[in-house]
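J.: The structure follows.
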Amino acid sequence: MNETFLAGLAIGVGASGLVAWLIMRKRDAKARRRLGQVRDELEAAQVTLKQAALEHTAAEALVESLPAPLYLVDVNLRVLRGNAAGTSLIGKDLNGREFSDGFRQPELLTTVAQAITDGKSLSMRLELPVPVERAYLVQVEPVKQDAASEFEETEDGGVPAALIMMLDITPVLRTEQLRADFVANVSHELRTPLTSLIGFIETLRGPARDDMEAQARFLGIMQEQADRMYRLIADLLSLSRIEMEEHSVPRGRVDLPLIAQKVSDGLAIKARDRNMKVVIEAPANLPPVAGDEDQLTQVLQNLIDNALKYGEQNTDVHVRAAVNGEMVELSVRDHGQGIPREHLPRLTERFYRVDAARSREMGGTGLGLAIVKHIVNRHRGKLTITSKPSYGSTFTISFPVWKK
């Protein structure tokens with residue numbers, strides 16, 4: 001009996017242990033599965049965090065690389081985020097500071113505040129006079145709370161913000177002004193000779209109908225005015241063609257000293273009339289430049305002709321060529337009255353003249369140096385002007401060396 005009991009007890013205990021073991025094993029398997037799930041969830045969360053970090057980094061890099069100044073401000077006009085262009089615009093970092101620390105224009109501050117209050121996009125034009133006068137189109141966009149929290153949550157947790165973007169429109173305004181000035185200048189330049197022609201025609205048909213001496217004199221003046229209009233129209237057409245081709249770099253092989261000699265020969269009569277000479281100095285091994293021969297001839301024609309016009313009589317015009325690194329430089333120097341410093345930056349503007357009356361008297365159209373500038377730009381070259389009153393002027397052009 002005791003043995004049977006003991007045997008049954010042993011079997012019962014063994015069965016209970018087996019059941020307990022099976023239960024524990026089942027629980028361990030479930031725990032391991034759960035642990036695996038947690039590990040997978042953690043790995044997925046890490047991937048998501050990495051992706052979010054990458055996206056945030058990319059967004060930051062994008063904001064920093066934008067060429068337009070950008071600011072995010074809260075309802076109190078405190079700057080939550082500003083990009084590098086914004087810092088460069090005013091010369092200081094506004095992050096964490098009042099927007100008015102950088103911009104004190106009342107109209108701008110009022111526009112930003114109104115956009116935040118009304119929740120509507122607003123725009124305005126802003127002109128900054130210093131350090132260089134610039135004009136900006138300011139776009140103010142209200143930002144919702146969740147968008148604002150991507151950068152920095154506002155103190156009360158729910159106040160909307162505003163994104164301020166400034167687009168530099170100075171080049172557009174300058175282009176419009178140049179176009180308006182161009183039309184006005186062309187109208188003026190053509191109106192003057194046309195008025196003279198009309199007046200002389202009326203005189204020839206009326207009081208001077210039978211006055212042969214007056215007719216001869218008036219017809220000579222009319223010829224001069226007609227020639228002036230022809231030169232102006234020819235220069236306008238030339239300038240238009242050059243501007244159309246300015247994007248294409250010429251690849252021809254051009255010998256600058258040879259062109260200078262040809263131009264000098266063509267202007268020999270003008271030089272002799274003023275008792276002047278064109279002296280050309282160039283090394284024998286000077287390399288050719290990459291360019292369009294006709295256009296470079298036009299450049300030297302303008303520069304040497306100007307030197308003969310504005311140089312003092314009985315002086316020489318010096319044309320010198322030399323190599324400077326990968327460029328060939330050619331300078332044209334006269335010994336005239338020189339040009340005051342304040343006029344130098346504007347000499348290549350269309351119709352700009354230091355002495356308008358003298359220029360017209362000498363047959364100038366006011367477009368010669370503008371043509372030179374655009375041709376030099378097309379050749380990816382450089383134009384430098386130096387001058388000193390009473391010591392003459394030097395115009396230096398440089399072009400890349402021609403390569404096979």
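Starting from 1 in every chain, residues are counted up; chains themselves are A, B, ... following the order of the structure tokens, and ligands are numbered from 1 as listed.
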Residues near Gly102 of chain A, anyone? I mean within 8 Å using only C-alpha atoms, not counting same-chain ones fewer than 6 positions away, as an MDAnalysis selection string.
T.: chainID A and resid 90 92 94
J.: Residues within 10 Å of Val186 of chain A, please, as number ranges by chain. Count only C-alpha atoms; anything in the same chain fewer than 4 positions from it doesn't count.
T.: A: 181-182, 190-191, 232-233, 236, 350-351, 365
J.: What's the separation between atom CA of Leu239 of chain A and atom CA of Arg251 of chain A, in Å to one decimal place?
T.: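 These atoms are spaced 20.2 Å apart.
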J.: Would you kindly return, as a PyMOL selection string, each protein, DNA or RNA residue with an atom no farther than 9 Å from any atom of Pro389 of chain A, considering only C-alpha atoms and excluding same-chain residues fewer than 3 positions away?
T.: chain A and resi 336-341+392-393
J.: Could you check the closest approach to Val323 of chain A for each of A:Asp292, A:Leu286, A:Val376, A:Leu163 and tell me which residue wins, using only C-alpha atoms?
T.: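 Ranked by minimum distance to Val323 of chain A, first place goes to A:Leu286.
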J.: Residues at most 12 Å from Leu128 of chain A, counting only C-alpha atoms, excluding those fewer than 3 positions away in the same chain, as an MDAnalysis selection string?
T.: chainID A and resid 89:90 102:105 108 125 131:138 166 168:170
J.: Okay, now the selection with N, CA and C atoms, as a PDB file, in the first residue's frame?
T.:
```pdb
ATOM      1  N   LEU A  89      21.861  90.119 -44.873  1.00  0.00           N
ATOM      2  CA  LEU A  89      21.171  91.332 -45.308  1.00  0.00           C
ATOM      3  C   LEU A  89      21.383  92.481 -44.338  1.00  0.00           C
ATOM      4  N   ILE A  90      21.250  92.211 -43.041  1.00  0.00           N
ATOM      5  CA  ILE A  90      21.338  93.291 -42.046  1.00  0.00           C
ATOM      6  C   ILE A  90      22.645  93.255 -41.261  1.00  0.00           C
ATOM      7  N   GLY A 102      16.442  94.551 -36.286  1.00  0.00           N
ATOM      8  CA  GLY A 102      17.057  94.585 -37.606  1.00  0.00           C
ATOM      9  C   GLY A 102      16.303  95.455 -38.594  1.00  0.00           C
ATOM     10  N   PHE A 103      15.005  95.572 -38.391  1.00  0.00           N
ATOM     11  CA  PHE A 103      14.162  96.341 -39.308  1.00  0.00           C
ATOM     12  C   PHE A 103      13.304  97.309 -38.497  1.00  0.00           C
ATOM     13  N   ARG A 104      13.542  98.590 -38.709  1.00  0.00           N
ATOM     14  CA  ARG A 104      12.837  99.612 -37.936  1.00  0.00           C
ATOM     15  C   ARG A 104      11.764 100.328 -38.755  1.00  0.00           C
ATOM     16  N   GLN A 105      11.474  99.801 -39.946  1.00  0.00           N
ATOM     17  CA  GLN A 105      10.463 100.445 -40.795  1.00  0.00           C
ATOM     18  C   GLN A 105       9.064 100.179 -40.232  1.00  0.00           C
ATOM     19  N   LEU A 108       6.636  97.979 -42.340  1.00  0.00           N
ATOM     20  CA  LEU A 108       6.956  96.551 -42.355  1.00  0.00           C
ATOM     21  C   LEU A 108       6.473  95.878 -41.079  1.00  0.00           C
ATOM     22  N   ARG A 125       6.205  96.462 -50.564  1.00  0.00           N
ATOM     23  CA  ARG A 125       7.522  96.779 -51.118  1.00  0.00           C
ATOM     24  C   ARG A 125       8.327  97.526 -50.073  1.00  0.00           C
ATOM     25  N   PRO A 131      23.456  99.274 -46.832  1.00  0.00           N
ATOM     26  CA  PRO A 131      24.665 100.012 -47.268  1.00  0.00           C
ATOM     27  C   PRO A 131      24.600 100.412 -48.748  1.00  0.00           C
ATOM     28  N   VAL A 132      23.818  99.656 -49.543  1.00  0.00           N
ATOM     29  CA  VAL A 132      23.573 100.003 -50.941  1.00  0.00           C
ATOM     30  C   VAL A 132      22.067  99.974 -51.137  1.00  0.00           C
ATOM     31  N   GLU A 133      21.546 100.969 -51.827  1.00  0.00           N
ATOM     32  CA  GLU A 133      20.102 101.060 -51.988  1.00  0.00           C
ATOM     33  C   GLU A 133      19.552  99.841 -52.723  1.00  0.00           C
ATOM     34  N   ARG A 134      18.623  99.140 -52.066  1.00  0.00           N
ATOM     35  CA  ARG A 134      18.006  97.952 -52.651  1.00  0.00           C
ATOM     36  C   ARG A 134      16.497  98.011 -52.417  1.00  0.00           C
ATOM     37  N   ALA A 135      15.755  97.326 -53.273  1.00  0.00           N
ATOM     38  CA  ALA A 135      14.298  97.252 -53.141  1.00  0.00           C
ATOM     39  C   ALA A 135      13.895  95.783 -53.005  1.00  0.00           C
ATOM     40  N   TYR A 136      12.967  95.497 -52.092  1.00  0.00           N
ATOM     41  CA  TYR A 136      12.539  94.121 -51.832  1.00  0.00           C
ATOM     42  C   TYR A 136      11.017  94.023 -51.887  1.00  0.00           C
ATOM     43  N   LEU A 137      10.542  92.892 -52.392  1.00  0.00           N
ATOM     44  CA  LEU A 137       9.137  92.539 -52.279  1.00  0.00           C
ATOM     45  C   LEU A 137       9.018  91.626 -51.067  1.00  0.00           C
ATOM     46  N   VAL A 138       8.315  92.085 -50.037  1.00  0.00           N
ATOM     47  CA  VAL A 138       8.195  91.335 -48.783  1.00  0.00           C
ATOM     48  C   VAL A 138       6.880  90.574 -48.786  1.00  0.00           C
ATOM     49  N   MET A 166      11.820  87.825 -48.197  1.00  0.00           N
ATOM     50  CA  MET A 166      12.146  89.062 -48.891  1.00  0.00           C
ATOM     51  C   MET A 166      12.809  88.742 -50.225  1.00  0.00           C
ATOM     52  N   ASP A 168      14.545  90.149 -53.578  1.00  0.00           N
ATOM     53  CA  ASP A 168      15.246  91.323 -54.102  1.00  0.00           C
ATOM     54  C   ASP A 168      14.747  91.621 -55.520  1.00  0.00           C
ATOM     55  N   ILE A 169      14.071  92.739 -55.683  1.00  0.00           N
ATOM     56  CA  ILE A 169      13.534  93.129 -56.997  1.00  0.00           C
ATOM     57  C   ILE A 169      14.311  94.298 -57.593  1.00  0.00           C
ATOM     58  N   THR A 170      15.467  94.624 -56.996  1.00  0.00           N
ATOM     59  CA  THR A 170      16.271  95.747 -57.494  1.00  0.00           C
ATOM     60  C   THR A 170      16.636  95.583 -58.966  1.00  0.00           C
TER      61      THR A 170
END
```
J.: Find, counting only C-alpha atoms, the residue in A:Met165, A:Lys388, A:Tyr310, A:Arg272 that gets nearest to Glu342 of chain A.
T.: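 Of A:Met165, A:Lys388, A:Tyr310, A:Arg272, the one nearest Glu342 of chain A, counting only C-alpha atoms, is A:Lys388.
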J.: DSSP on the backbone: what in segment 56-201 of chain A comes out helix (DSSP H, G or I), as a count of residues only?
T.: 69
J.: Could you please write out, as a PyMOL selection string, every residue of segment 110-215 of chain A that DSSP assigns to strand (DSSP E)?
T.: chain A and resi 122-128+134-143+161-168
J.: With N, CA, C and O atoms kept, could you save the residues just selected as a short mmCIF file (atom, residue, chain, number, x, y, z; two decimals), in the first residue's frame?
T.:
```cif
data_model
loop_
_atom_site.label_atom_id
_atom_site.label_comp_id
_atom_site.auth_asym_id
_atom_site.auth_seq_id
_atom_site.Cartn_x
_atom_site.Cartn_y
_atom_site.Cartn_z
N LEU A 122 0.01 88.80 -46.67
CA LEU A 122 0.15 90.21 -47.05
C LEU A 122 1.49 90.41 -47.73
O LEU A 122 2.44 89.64 -47.50
N SER A 123 1.57 91.41 -48.58
CA SER A 123 2.83 91.72 -49.25
C SER A 123 3.00 93.23 -49.30
O SER A 123 2.02 93.99 -49.25
N MET A 124 4.23 93.66 -49.43
CA MET A 124 4.54 95.08 -49.50
C MET A 124 5.91 95.24 -50.14
O MET A 124 6.67 94.29 -50.28
N ARG A 125 6.20 96.46 -50.56
CA ARG A 125 7.52 96.78 -51.12
C ARG A 125 8.33 97.53 -50.07
O ARG A 125 7.85 98.47 -49.45
N LEU A 126 9.55 97.07 -49.88
CA LEU A 126 10.43 97.65 -48.87
C LEU A 126 11.70 98.15 -49.54
O LEU A 126 12.32 97.43 -50.33
N GLU A 127 12.10 99.38 -49.23
CA GLU A 127 13.32 99.95 -49.76
C GLU A 127 14.31 100.16 -48.62
O GLU A 127 13.99 100.81 -47.63
N LEU A 128 15.50 99.59 -48.78
CA LEU A 128 16.56 99.73 -47.78
C LEU A 128 17.65 100.61 -48.37
O LEU A 128 18.30 100.24 -49.35
N ARG A 134 18.62 99.14 -52.07
CA ARG A 134 18.01 97.95 -52.65
C ARG A 134 16.50 98.01 -52.42
O ARG A 134 16.01 98.65 -51.47
N ALA A 135 15.75 97.33 -53.27
CA ALA A 135 14.30 97.25 -53.14
C ALA A 135 13.89 95.78 -53.00
O ALA A 135 14.43 94.92 -53.71
N TYR A 136 12.97 95.50 -52.09
CA TYR A 136 12.54 94.12 -51.83
C TYR A 136 11.02 94.02 -51.89
O TYR A 136 10.31 94.95 -51.47
N LEU A 137 10.54 92.89 -52.39
CA LEU A 137 9.14 92.54 -52.28
C LEU A 137 9.02 91.63 -51.07
O LEU A 137 9.58 90.53 -51.05
N VAL A 138 8.32 92.08 -50.04
CA VAL A 138 8.20 91.34 -48.78
C VAL A 138 6.88 90.57 -48.79
O VAL A 138 5.81 91.17 -48.93
N GLN A 139 6.96 89.25 -48.63
CA GLN A 139 5.77 88.40 -48.56
C GLN A 139 5.65 87.86 -47.14
O GLN A 139 6.58 87.22 -46.63
N VAL A 140 4.52 88.13 -46.47
CA VAL A 140 4.30 87.69 -45.09
C VAL A 140 3.20 86.63 -45.10
O VAL A 140 2.06 86.90 -45.49
N GLU A 141 3.55 85.42 -44.68
CA GLU A 141 2.59 84.31 -44.65
C GLU A 141 2.32 83.89 -43.21
O GLU A 141 3.25 83.54 -42.47
N PRO A 142 1.04 83.93 -42.77
CA PRO A 142 0.73 83.44 -41.42
C PRO A 142 0.97 81.94 -41.33
O PRO A 142 0.73 81.20 -42.29
N VAL A 143 1.49 81.47 -40.20
CA VAL A 143 1.85 80.06 -40.01
C VAL A 143 1.02 79.48 -38.89
O VAL A 143 0.88 80.10 -37.83
N ALA A 161 2.29 82.15 -35.79
CA ALA A 161 3.51 82.86 -36.15
C ALA A 161 3.38 83.36 -37.58
O ALA A 161 2.34 83.22 -38.21
N ALA A 162 4.45 83.95 -38.10
CA ALA A 162 4.45 84.43 -39.48
C ALA A 162 5.81 84.17 -40.11
O ALA A 162 6.85 84.31 -39.46
N LEU A 163 5.76 83.75 -41.38
CA LEU A 163 6.97 83.53 -42.16
C LEU A 163 7.16 84.73 -43.08
O LEU A 163 6.26 85.06 -43.85
N ILE A 164 8.32 85.37 -42.99
CA ILE A 164 8.60 86.59 -43.77
C ILE A 164 9.68 86.27 -44.79
O ILE A 164 10.79 85.87 -44.42
N MET A 165 9.37 86.44 -46.06
CA MET A 165 10.35 86.21 -47.13
C MET A 165 10.55 87.50 -47.91
O MET A 165 9.59 88.18 -48.24
N MET A 166 11.82 87.83 -48.20
CA MET A 166 12.15 89.06 -48.89
C MET A 166 12.81 88.74 -50.23
O MET A 166 13.88 88.14 -50.26
N LEU A 167 12.16 89.15 -51.30
CA LEU A 167 12.67 88.92 -52.66
C LEU A 167 13.27 90.20 -53.19
O LEU A 167 12.60 91.24 -53.27
N ASP A 168 14.55 90.15 -53.58
CA ASP A 168 15.25 91.32 -54.10
C ASP A 168 14.75 91.62 -55.52
O ASP A 168 14.98 90.85 -56.45
#
```
J.: What's the 8 Å shell around Thr297 of chain A, counting only C-alpha atoms, without same-chain residues fewer than 2 positions away, as an NGL selection string?
T.: :A and (259-260 or 263 or 293-295 or 299-301)
J.: Find the residue from A:Leu80, A:Met244, A:Ile221, A:Val279 that sits nearest to Phe200 of chain A; use only C-alpha atoms when measuring.
T.: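 That would be A:Ile221, the residue with the smallest distance to Phe200 of chain A.
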J.: Point out the residue among A:Gly206, A:Gly86, A:Pro67, A:Pro283 with the least atom-to-atom distance to Arg320 of chain A, counting only C-alpha atoms.
T.: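 Of A:Gly206, A:Gly86, A:Pro67, A:Pro283, the one nearest Arg320 of chain A is A:Pro283, counting only C-alpha atoms.
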